[in-house]
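All remarks here apply to the structure that follows.
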Amino acid sequence: MKAGIAALIFAYVLSQFYRAFLAVLTGVLGRDIGATPDDLAAASGLWFLTFAVMQIPVGWALDTIGPRKTAPALLMIGALGAVVFAMATTVLHIKLAMVLIGIGCSAVLMAGYFIFAKIYAPAVFATLAGVMIGIGSLGNLLSAAPTAWAVEAFGWRATLMGLAALTAATAVVMFALIRDPAREVDAPKDGSVLTLLRMPALWLIFPLMFVNYAAAAGIRGLWIGPYFDDLHGALPAFIGTAGLVMGLAMVAGTFLYAPADRIFGTRKWVIIIGNSIGVLCLAFLAINPVPQVWTAVILLAVIGMAGSGFPVITAHARSFFPSHLTGRGVTLLNLFGIGGVGIFQMLTGRIYDSFGAQGAYPVIFGLFAVTITIGLVIYAFSEDRTD
């Protein structure tokens, strides 16, 4: 089982990579196939929206088929998507590739969460979930400066072909190593996603889940590149470094959040305080979108760190789930979290198109600040639970 979890974590490194690598390819895709930042925002949004929609069938598959077959089969589709990306000649090909990659990555994290929930004590769920995201976030780092170096050395098509081969090999290793948790004896057979949606306690958590990750993932996954290019005139090497710094901060954030509920004896206030810090940084950038360049890097890093509380929010919601609906529960949360990122990527792309390179960023940062604040206000009425 530990070897299977290790394979899932490596697959999650790939998932984190694929959700963020477009930021580094903005320039080269613009030159080679005419892709604009708005086009790539739409492509990134399609990845997240596809990933989100897949959470419903993934949740059913985890509860009924198990993670051993579900995660590797879907990851093979992701490998196909990387091949399509490598062969792309139009923006439409890029969008199709991102849809396929989104399908491929959709089960990896949730398969790990499903195993944690089934074989480990509830009190350590947030810690284990945070560690998986923290290690997996190395993919976020690899999508920054290392990817820029690979593209410069080998070209973006060869780089994507290599990633396709690595993704397919990872799927094979996962199938060989993952073991399905033992099924519960006499577990109830009734219940579905609708059972969870009828629980009032979860509706105080869903809105924050919808917006919590949107700013961190949206900025790191796409807007950090155009932002430093448009407003600071930064060179690609500096943009890669800025992405690396923000990625490191997001890794640090997951490790800081992971044990915090056990250290402080609260999940609710850990999330409220952490996200409030991110809101303050977003509000500052909305009012003053062109601070000194390294100040901007630091502010974006803090936003990334503050937006990495996904595991603790999931653990909070999970405390309300019936055990036999664990798979559907964690994937439902993921649907809100990743779906929010996808919708905001689409929306911010439209903002960029409407307001232009100079005027879009205050609106984008302000939108993130306001929506996270609304999510926090609703979440403040939730019942605080620890295991």
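Please note that chains go A, B, ... in the order of the structure tokens, that every chain numbers its residues from 1, and that ligands are numbered from 1 in the order shown.
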Residues of range 124-216 of chain A within 10 Å of range 311-333 of chain A: nearest atom pair and distance (Å, one decimal) for each, counting only C-alpha atoms, sorted by chain and number, as JSON lines?
{"residue": "A:Val124", "atom": "CA", "partner": "A:Ala315", "partner_atom": "CA", "distance": 9.3}
{"residue": "A:Phe125", "atom": "CA", "partner": "A:Ala315", "partner_atom": "CA", "distance": 6.5}
{"residue": "A:Ala126", "atom": "CA", "partner": "A:Val312", "partner_atom": "CA", "distance": 5.4}
{"residue": "A:Thr127", "atom": "CA", "partner": "A:Pro311", "partner_atom": "CA", "distance": 7.8}
{"residue": "A:Leu128", "atom": "CA", "partner": "A:Pro311", "partner_atom": "CA", "distance": 8.6}
{"residue": "A:Ala129", "atom": "CA", "partner": "A:Pro311", "partner_atom": "CA", "distance": 5.5}
{"residue": "A:Gly130", "atom": "CA", "partner": "A:Pro311", "partner_atom": "CA", "distance": 5.4}
{"residue": "A:Val131", "atom": "CA", "partner": "A:Pro311", "partner_atom": "CA", "distance": 9.1}
{"residue": "A:Met132", "atom": "CA", "partner": "A:Pro311", "partner_atom": "CA", "distance": 9.3}
{"residue": "A:Ile133", "atom": "CA", "partner": "A:Pro311", "partner_atom": "CA", "distance": 7.9}
{"residue": "A:Arg183", "atom": "CA", "partner": "A:His324", "partner_atom": "CA", "distance": 9.4}
{"residue": "A:Glu184", "atom": "CA", "partner": "A:His324", "partner_atom": "CA", "distance": 8.0}
{"residue": "A:Ala187", "atom": "CA", "partner": "A:His324", "partner_atom": "CA", "distance": 6.3}
{"residue": "A:Pro188", "atom": "CA", "partner": "A:His324", "partner_atom": "CA", "distance": 6.6}
{"residue": "A:Lys189", "atom": "CA", "partner": "A:His324", "partner_atom": "CA", "distance": 7.8}
{"residue": "A:Asp190", "atom": "CA", "partner": "A:His324", "partner_atom": "CA", "distance": 8.8}
{"residue": "A:Gly191", "atom": "CA", "partner": "A:Leu325", "partner_atom": "CA", "distance": 7.2}
{"residue": "A:Ser192", "atom": "CA", "partner": "A:Leu325", "partner_atom": "CA", "distance": 7.1}
{"residue": "A:Val193", "atom": "CA", "partner": "A:Arg328", "partner_atom": "CA", "distance": 6.2}
{"residue": "A:Leu194", "atom": "CA", "partner": "A:Arg328", "partner_atom": "CA", "distance": 9.9}
{"residue": "A:Thr195", "atom": "CA", "partner": "A:Leu325", "partner_atom": "CA", "distance": 8.9}
{"residue": "A:Leu196", "atom": "CA", "partner": "A:Gly329", "partner_atom": "CA", "distance": 7.0}
{"residue": "A:Leu197", "atom": "CA", "partner": "A:Leu332", "partner_atom": "CA", "distance": 9.0}
{"residue": "A:Met199", "atom": "CA", "partner": "A:Phe320", "partner_atom": "CA", "distance": 8.4}
{"residue": "A:Ala201", "atom": "CA", "partner": "A:Phe320", "partner_atom": "CA", "distance": 7.6}
{"residue": "A:Leu202", "atom": "CA", "partner": "A:Ala317", "partner_atom": "CA", "distance": 6.3}
{"residue": "A:Trp203", "atom": "CA", "partner": "A:Ala317", "partner_atom": "CA", "distance": 9.7}
{"residue": "A:Leu204", "atom": "CA", "partner": "A:Ala317", "partner_atom": "CA", "distance": 9.6}
{"residue": "A:Ile205", "atom": "CA", "partner": "A:Ala317", "partner_atom": "CA", "distance": 6.9}
{"residue": "A:Phe206", "atom": "CA", "partner": "A:Leu333", "partner_atom": "CA", "distance": 7.2}
{"residue": "A:Leu208", "atom": "CA", "partner": "A:Ile313", "partner_atom": "CA", "distance": 8.6}
{"residue": "A:Met209", "atom": "CA", "partner": "A:Leu333", "partner_atom": "CA", "distance": 7.1}
{"residue": "A:Phe210", "atom": "CA", "partner": "A:Leu333", "partner_atom": "CA", "distance": 8.6}
{"residue": "A:Asn212", "atom": "CA", "partner": "A:Ile313", "partner_atom": "CA", "distance": 9.2}
So that I can see what lies close to Ala260 in chain A, please list as a PyMOL selection string the residues with an atom at most 9 Å from it, counting only C-alpha atoms and leaving out residues fewer than 3 positions away in the same chain.
chain A and resi 126-127+255-257+263-267+270+312
Quick one: write out the picked residues with N, CA and C atoms as a PDB file, in the first residue's frame?
ATOM      1  N   ALA A 126      -5.967  15.340   7.524  1.00  0.00           N
ATOM      2  CA  ALA A 126      -5.510  16.628   6.996  1.00  0.00           C
ATOM      3  C   ALA A 126      -3.999  16.647   6.821  1.00  0.00           C
ATOM      4  N   THR A 127      -3.287  16.039   7.773  1.00  0.00           N
ATOM      5  CA  THR A 127      -1.830  16.005   7.676  1.00  0.00           C
ATOM      6  C   THR A 127      -1.376  15.200   6.465  1.00  0.00           C
ATOM      7  N   PHE A 255       2.462  22.404   3.664  1.00  0.00           N
ATOM      8  CA  PHE A 255       3.081  21.792   4.846  1.00  0.00           C
ATOM      9  C   PHE A 255       2.765  22.570   6.117  1.00  0.00           C
ATOM     10  N   LEU A 256       2.563  23.896   5.991  1.00  0.00           N
ATOM     11  CA  LEU A 256       2.178  24.679   7.164  1.00  0.00           C
ATOM     12  C   LEU A 256       0.732  24.409   7.560  1.00  0.00           C
ATOM     13  N   TYR A 257      -0.154  24.320   6.586  1.00  0.00           N
ATOM     14  CA  TYR A 257      -1.565  24.053   6.865  1.00  0.00           C
ATOM     15  C   TYR A 257      -1.780  22.633   7.401  1.00  0.00           C
ATOM     16  N   ILE A 263      -2.497  21.129  15.803  1.00  0.00           N
ATOM     17  CA  ILE A 263      -1.693  21.985  16.685  1.00  0.00           C
ATOM     18  C   ILE A 263      -2.568  22.996  17.419  1.00  0.00           C
ATOM     19  N   PHE A 264      -3.499  23.625  16.688  1.00  0.00           N
ATOM     20  CA  PHE A 264      -4.311  24.686  17.266  1.00  0.00           C
ATOM     21  C   PHE A 264      -5.696  24.224  17.719  1.00  0.00           C
ATOM     22  N   GLY A 265      -6.051  22.993  17.413  1.00  0.00           N
ATOM     23  CA  GLY A 265      -7.342  22.458  17.851  1.00  0.00           C
ATOM     24  C   GLY A 265      -8.534  23.059  17.135  1.00  0.00           C
ATOM     25  N   THR A 266      -8.323  23.568  15.920  1.00  0.00           N
ATOM     26  CA  THR A 266      -9.410  24.149  15.138  1.00  0.00           C
ATOM     27  C   THR A 266      -9.073  24.035  13.669  1.00  0.00           C
ATOM     28  N   ARG A 267     -10.072  23.771  12.867  1.00  0.00           N
ATOM     29  CA  ARG A 267      -9.892  23.824  11.418  1.00  0.00           C
ATOM     30  C   ARG A 267     -10.424  25.144  10.875  1.00  0.00           C
ATOM     31  N   VAL A 270      -8.071  28.238  11.430  1.00  0.00           N
ATOM     32  CA  VAL A 270      -6.866  28.114  10.612  1.00  0.00           C
ATOM     33  C   VAL A 270      -7.158  28.582   9.189  1.00  0.00           C
ATOM     34  N   VAL A 312      -7.108  21.130   4.538  1.00  0.00           N
ATOM     35  CA  VAL A 312      -7.798  21.365   5.807  1.00  0.00           C
ATOM     36  C   VAL A 312      -9.290  21.592   5.563  1.00  0.00           C
TER      37      VAL A 312
END
Would you work out the distance separating CA of Gly349 in chain A from CA of Ala41 in chain A, expressed in Å to one decimal?
5.2 Å
Please provide the set of residues having any atom within 10 Å of Gly78 in chain A, restricted to only C-alpha atoms, with same-chain residues fewer than 4 positions apart removed, written as a ChimeraX atom specification.
/A:14-15,18,72-74,82-84,97-106,164,167-168,171
Next, dump the selected residues to file, keeping only N, CA, C and O atoms, as a compact mmCIF listing (two decimals), in the first residue's frame.
# COMPACT_ATOMS: atom_id res chain seq x y z
N LEU A 14 2.83 15.08 -11.50
CA LEU A 14 2.48 15.35 -12.90
C LEU A 14 1.21 16.19 -13.01
O LEU A 14 1.12 17.10 -13.83
N SER A 15 0.22 15.88 -12.18
CA SER A 15 -1.03 16.64 -12.20
C SER A 15 -0.78 18.12 -11.88
O SER A 15 -1.32 19.01 -12.55
N TYR A 18 0.88 19.79 -14.91
CA TYR A 18 0.01 20.06 -16.04
C TYR A 18 -0.94 21.23 -15.80
O TYR A 18 -1.38 21.88 -16.75
N PRO A 72 -5.09 4.73 -12.76
CA PRO A 72 -4.20 4.46 -13.90
C PRO A 72 -4.91 4.55 -15.25
O PRO A 72 -4.34 5.06 -16.22
N ALA A 73 -6.16 4.07 -15.33
CA ALA A 73 -6.87 4.11 -16.61
C ALA A 73 -7.06 5.54 -17.09
O ALA A 73 -6.86 5.85 -18.27
N LEU A 74 -7.43 6.41 -16.17
CA LEU A 74 -7.63 7.81 -16.56
C LEU A 74 -6.31 8.50 -16.89
O LEU A 74 -6.24 9.32 -17.81
N ALA A 82 -1.13 14.72 -23.70
CA ALA A 82 0.19 15.32 -23.85
C ALA A 82 0.73 15.12 -25.27
O ALA A 82 1.40 16.00 -25.82
N VAL A 83 0.42 13.96 -25.88
CA VAL A 83 0.82 13.73 -27.27
C VAL A 83 0.11 14.70 -28.20
O VAL A 83 0.73 15.29 -29.11
N VAL A 84 -1.20 14.89 -27.99
CA VAL A 84 -1.95 15.85 -28.81
C VAL A 84 -1.37 17.25 -28.67
O VAL A 84 -1.23 17.97 -29.66
N ALA A 97 -6.19 19.11 -26.14
CA ALA A 97 -5.16 18.45 -25.33
C ALA A 97 -5.38 18.70 -23.84
O ALA A 97 -5.26 17.77 -23.02
N MET A 98 -5.72 19.93 -23.48
CA MET A 98 -5.92 20.25 -22.07
C MET A 98 -7.14 19.54 -21.50
O MET A 98 -7.16 19.17 -20.32
N VAL A 99 -8.18 19.34 -22.34
CA VAL A 99 -9.35 18.56 -21.89
C VAL A 99 -8.93 17.13 -21.58
O VAL A 99 -9.28 16.56 -20.54
N LEU A 100 -8.17 16.51 -22.48
CA LEU A 100 -7.72 15.12 -22.27
C LEU A 100 -6.81 15.01 -21.05
O LEU A 100 -6.92 14.06 -20.27
N ILE A 101 -5.92 15.98 -20.89
CA ILE A 101 -5.03 15.94 -19.73
C ILE A 101 -5.82 16.15 -18.44
O ILE A 101 -5.52 15.52 -17.41
N GLY A 102 -6.84 17.01 -18.49
CA GLY A 102 -7.69 17.20 -17.32
C GLY A 102 -8.39 15.92 -16.91
O GLY A 102 -8.49 15.60 -15.72
N ILE A 103 -8.90 15.17 -17.90
CA ILE A 103 -9.51 13.87 -17.60
C ILE A 103 -8.47 12.95 -16.96
O ILE A 103 -8.74 12.27 -15.97
N GLY A 104 -7.27 12.93 -17.53
CA GLY A 104 -6.24 12.04 -17.04
C GLY A 104 -5.83 12.29 -15.60
O GLY A 104 -5.55 11.36 -14.85
N CYS A 105 -5.80 13.56 -15.21
CA CYS A 105 -5.34 13.91 -13.86
C CYS A 105 -6.45 13.88 -12.81
O CYS A 105 -6.16 14.02 -11.62
N SER A 106 -7.67 13.66 -13.23
CA SER A 106 -8.82 13.90 -12.35
C SER A 106 -8.94 12.97 -11.16
O SER A 106 -9.61 13.30 -10.18
N ALA A 164 4.64 12.98 -22.13
CA ALA A 164 3.64 11.97 -22.47
C ALA A 164 4.15 10.57 -22.13
O ALA A 164 3.42 9.75 -21.55
N THR A 167 4.19 10.12 -18.37
CA THR A 167 2.83 9.97 -17.85
C THR A 167 2.31 8.56 -18.07
O THR A 167 1.72 7.94 -17.17
N ALA A 168 2.53 8.02 -19.26
CA ALA A 168 2.09 6.65 -19.56
C ALA A 168 2.82 5.64 -18.68
O ALA A 168 2.20 4.69 -18.14
N ALA A 171 1.35 5.61 -15.19
CA ALA A 171 0.07 4.90 -15.12
C ALA A 171 0.30 3.39 -14.98
O ALA A 171 -0.39 2.73 -14.19
Set the distance at 9 Å and use only C-alpha atoms: which residues neighbour Pro37 in chain A once local chain neighbours fewer than 4 positions away are removed? I'd like the list as a list in words.
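Those residues are Thr26, Gly30, Ala41, Ala42, Leu222, Trp223, Pro226, Gly349, Tyr352 and Asp353 of chain A.
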Can you tell me, as JSON, numbers by chain, what residues are no more than 8 Å from Ala20 in chain A when counting only C-alpha atoms, ignoring any on the same chain fewer than 6 positions away?
{"A": [140, 143, 217, 220, 221, 222]}
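Proximity of A:Gly309, A:Gly34, A:Gly225, A:Pro289 to Asp261 in chain A, computed with only C-alpha atoms, is greatest for A:Gly309.
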Exercise: Ser354 in chain A partners within 12 Å, only C-alpha atoms, chain neighbours under 5 positions left out, as a ChimeraX atom specification
/A:38,347-349,359-361,363-364
Would you work out the distance separating CA of Phe365 in chain A from CA of Val290 in chain A, expressed in Å to one decimal?
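CA of Phe365 in chain A sits 11.9 Å away from CA of Val290 in chain A.
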Which residues come within 9 Å of Thr159 in chain A, counting only C-alpha atoms, excluding same-chain residues fewer than 4 positions away, as JSON, numbers by chain?
{"A": [86, 147, 150, 151, 154, 155, 163, 164]}
